[in-house]
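Below: the structure, in structure tokens.
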Amino acid sequence: IAASFSAFFGGRLEDAVCAGGVGALLRLLQYGLSLTKLNAYCSLVLLSFVGGMLANSVLWFGMDIHPAAINMGNIMPVIPGLALMNSIRDMFSQETISGLLKSAEAIILSLLIAAGFAFSATGTIIAFDTLWWVYLLTSLTGGFCFHMLFHGHIKDAGMGALVCMGAWAFTMLFVALDWNEFAGYFAGAVFATIAAEILARFYKCPATIFLIIGVIAMVPGGALYRTMFYAVSGDWGKFGTQGIKTFLYAVSIAAGIVIATAVWETIKAWLISYRKRGDHNDSDTCPVR
């Protein structure tokens with residue numbers, strides 16, 4: 001996952017390899033911390049600090065790598081971006097109190113994790129342009145591995161990865177057509193939601209399984225890292241601009257999920273009522289024996 005998303009966010013091959021190695025070490029550390037009585041949130045914050053130091057320590061060996069690319073790859077498996085989007089979705093669904101509490105918790109934890117990765121980073125934010133086929137390949141690979149990590153069912157991991165790649169393809173398409181990038185995130189979330197609902201009927205499982213994987217490439221983990229990188233660098237102008245963009249990314253994704261779900265549920269309810277009405281009419285024409 002870390003290697004795939006390191007390349008996804010503009011890292012080179014050597015950055016992706018280092019991100020994968022650091023990610024494996026962090027996973028082992030996470031497993032060790034899970035055996036202790038340490039609070040889960042404290043464990044994640046500790047992981048982020050260690051991850052940032054490991055990414056920066058690779059420079060000591062004289063390797064031409066970019067710690068920012070390594071950090072952005074490793075932030076994706078631990079950042080509670082999905083929790084943040086779900087909290088915003090709750091507020092869209094008129095569950096205001098629940099949404100506010102969840103969003104406050106997710107924002108605080110996200111900032112702590114991103115700050116942990118950013119504090120030990122050196123250099124600047126990478127500025128490589130990722131090619132379109134690299135975006136598609138890494139979103140496919142990252143989505144597949146993410147599905148295996150959290151669900152472990154290979155029979156539906158391939159379809160979940162395709163949904164992830166398709167959602168990001170929609171996002172890129174809207175940006176290529178000179179639409180607002182937030183509209184691209186909205187469109188990608190709509191595609192992921194509809195695809196998840198359809199696949200849930202075929203695989204007889206909750207749509208959430210495919211939806212979580214479908215939007216993982218759009219989760220603003222990289223944007224959140226950039227926000228905290230500017231904060232620890234003292235560049236408050238860019239910190240404010242990037243922070244607003246990060247929040248709007250999450251709002252766009254949540255809005256796409258909420259609207260697509262509402263439309264899907266409305267159509268499903270209409271079809272059910274239409275079918276029941278048809279069955280009732282058929283029973284009226286049947287002769288009584």
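In the structure tokens, the first chain shown is A, the next is B, and so on; residue numbers restart at 1 for each chain, and ligands run from 1 in the order shown.
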I'd like the neighbourhood of Gly20 in chain A as a list in words, where a residue qualifies if any of its atoms comes within 8 Å (using only C-alpha atoms), though same-chain residues fewer than 5 positions away should be ignored.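 Contacts, in chain order: Ile1, Ala2 and Ala3 of chain A.
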Next, the residues of the selection above should be written as a PDB file, in the first residue's frame with N, CA and C atoms.
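In the end it all went to again_7.pdb:
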```pdb
ATOM      1  N   ILE A   1       0.840  -1.206   0.000  1.00  0.00           N
ATOM      2  CA  ILE A   1       0.000   0.000   0.000  1.00  0.00           C
ATOM      3  C   ILE A   1       0.875   1.256   0.000  1.00  0.00           C
ATOM      4  N   ALA A   2       1.848   1.277   0.875  1.00  0.00           N
ATOM      5  CA  ALA A   2       2.714   2.457   0.974  1.00  0.00           C
ATOM      6  C   ALA A   2       3.496   2.689  -0.311  1.00  0.00           C
ATOM      7  N   ALA A   3       4.019   1.618  -0.905  1.00  0.00           N
ATOM      8  CA  ALA A   3       4.778   1.753  -2.145  1.00  0.00           C
ATOM      9  C   ALA A   3       3.894   2.257  -3.276  1.00  0.00           C
TER      10      ALA A   3
END
```
Range 210-276 of chain A residues near range 8-13 of chain A within 12 Å, closest pair each, using only C-alpha atoms, as JSON lines:
```
{"residue": "A:Ile216", "atom": "CA", "partner": "A:Phe8", "partner_atom": "CA", "distance": 11.9}
{"residue": "A:Ala217", "atom": "CA", "partner": "A:Phe8", "partner_atom": "CA", "distance": 8.6}
{"residue": "A:Met218", "atom": "CA", "partner": "A:Phe8", "partner_atom": "CA", "distance": 10.8}
{"residue": "A:Val219", "atom": "CA", "partner": "A:Phe9", "partner_atom": "CA", "distance": 11.9}
{"residue": "A:Pro220", "atom": "CA", "partner": "A:Phe9", "partner_atom": "CA", "distance": 10.9}
{"residue": "A:Gly221", "atom": "CA", "partner": "A:Phe9", "partner_atom": "CA", "distance": 9.9}
{"residue": "A:Gly222", "atom": "CA", "partner": "A:Phe9", "partner_atom": "CA", "distance": 7.1}
{"residue": "A:Ala223", "atom": "CA", "partner": "A:Phe9", "partner_atom": "CA", "distance": 9.7}
{"residue": "A:Tyr225", "atom": "CA", "partner": "A:Phe9", "partner_atom": "CA", "distance": 11.2}
{"residue": "A:Arg226", "atom": "CA", "partner": "A:Phe9", "partner_atom": "CA", "distance": 11.1}
```
Determine the nearest neighbour of Ile257 in chain A from the options A:Leu35, A:Ile212, A:Ile244, A:Ile272, counting only C-alpha atoms.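 The closest residue to Ile257 in chain A is A:Ile212.
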What is the distance, in Å and to one decimal place, between CA of Ser57 in chain A and CA of Asn71 in chain A?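 So the answer is 12.0 Å.
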Proximity to Phe150 in chain A - best of A:Gly243, A:Ser4, A:Ala16, A:Pro77, only C-alpha atoms: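 Between A:Gly243, A:Ser4, A:Ala16, A:Pro77, the residue approaching Phe150 in chain A most closely is A:Pro77.
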Show which residues sit within 12 Å of Leu149 in chain A, as a PyMOL selection string. Count only C-alpha atoms, and ignore same-chain residues fewer than 5 positions away. chain A and resi 1+27+77-78+142-144+154+157+213
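Atom pair CA of Tyr135 in chain A / CA of Glu181 in chain A has a distance of 15.6 Å (rounded to one decimal).
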I want to know what sits within 12 Å of Val58 in chain A, based on only C-alpha atoms, with residues of the same chain fewer than 6 positions away left out; could you give that as number ranges by chain? A: 14-15, 17-19, 21-22, 51-52, 64-68, 70-71, 121-122
Kindly export the residues of the current selection with N, CA and C atoms, as a short mmCIF file (atom, residue, chain, number, x, y, z; two decimals), in the first residue's frame.
```cif
data_model
loop_
_atom_site.label_atom_id
_atom_site.label_comp_id
_atom_site.auth_asym_id
_atom_site.auth_seq_id
_atom_site.Cartn_x
_atom_site.Cartn_y
_atom_site.Cartn_z
N GLU A 14 12.58 4.53 -6.70
CA GLU A 14 13.34 4.35 -5.46
C GLU A 14 12.57 4.86 -4.24
N ASP A 15 11.77 5.92 -4.43
CA ASP A 15 10.93 6.40 -3.33
C ASP A 15 9.89 5.35 -2.95
N VAL A 17 10.07 2.09 -3.40
CA VAL A 17 10.71 0.95 -2.76
C VAL A 17 11.00 1.25 -1.29
N CYS A 18 11.54 2.44 -1.04
CA CYS A 18 11.82 2.83 0.35
C CYS A 18 10.53 2.95 1.16
N ALA A 19 9.46 3.47 0.53
CA ALA A 19 8.18 3.59 1.22
C ALA A 19 7.65 2.21 1.60
N GLY A 21 9.48 -0.47 2.22
CA GLY A 21 10.28 -0.97 3.33
C GLY A 21 9.91 -0.33 4.65
N VAL A 22 9.73 0.99 4.65
CA VAL A 22 9.33 1.70 5.86
C VAL A 22 7.93 1.24 6.29
N GLY A 51 7.64 6.75 11.64
CA GLY A 51 7.64 6.71 10.18
C GLY A 51 8.35 7.89 9.57
N GLY A 52 8.11 9.08 10.11
CA GLY A 52 8.80 10.26 9.60
C GLY A 52 10.30 10.18 9.78
N ASP A 64 19.37 9.20 -3.18
CA ASP A 64 18.64 10.35 -3.73
C ASP A 64 17.14 10.04 -3.70
N ILE A 65 16.56 10.19 -2.51
CA ILE A 65 15.13 9.91 -2.35
C ILE A 65 14.44 11.15 -1.79
N HIS A 66 13.14 11.11 -1.75
CA HIS A 66 12.35 12.23 -1.28
C HIS A 66 11.51 11.77 -0.09
N PRO A 67 11.86 12.19 1.13
CA PRO A 67 11.10 11.75 2.31
C PRO A 67 9.62 12.07 2.23
N ALA A 68 9.27 13.18 1.55
CA ALA A 68 7.85 13.53 1.45
C ALA A 68 7.07 12.45 0.70
N ILE A 70 7.83 9.27 0.55
CA ILE A 70 7.76 8.11 1.44
C ILE A 70 6.68 8.33 2.50
N ASN A 71 6.66 9.53 3.07
CA ASN A 71 5.69 9.83 4.12
C ASN A 71 4.25 9.80 3.59
N ALA A 121 10.49 15.61 8.53
CA ALA A 121 10.77 15.66 7.09
C ALA A 121 11.72 16.80 6.76
N THR A 122 12.52 16.59 5.74
CA THR A 122 13.43 17.63 5.28
C THR A 122 13.18 17.86 3.80
#
```
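The smallest atom-to-atom distance between Ser252 in chain A and any of A:Leu47, A:Leu224, A:Glu197, A:Ala183, using only C-alpha atoms, is found for A:Ala183.
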Taking 4 positions as the minimum chain separation for residues in the same chain, which residues sit within 7 Å of range 207-211 of chain A when counting only C-alpha atoms? Answer as JSON, numbers by chain. {"A": [160, 192, 193, 196, 197, 200, 215]}
Apply DSSP to the backbone of this structure and, from range 83-264 of chain A, keep only the residues in alpha helix (DSSP H); write these as a PyMOL selection string. chain A and resi 83-92+96-119+132-150+154-176+181-203+207-214+221-232+236-264
Spatial neighbours of Leu29 in chain A, 10 Å, only C-alpha atoms, chain gap at least 6 places, as a PyMOL selection string: chain A and resi 23+43+46-47+50
List the neighbours of Tyr185 in chain A out to 10 Å using only C-alpha atoms; skip same-chain residues closer than 2 positions along the sequence, and give me the result as a ChimeraX atom specification. /A:167-168,170-172,174-175,180-183,187-191,215,218-219,248-256
Counting only C-alpha atoms, the option among A:Trp236, A:Thr261, A:Ala169, A:Ala115 closest to Thr138 in chain A: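 So, comparing all the options, the nearest one is A:Ala169.
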Interatomic distance, CA of Ala161 in chain A to CA of Phe5 in chain A (Å, one decimal): 13.5 Å
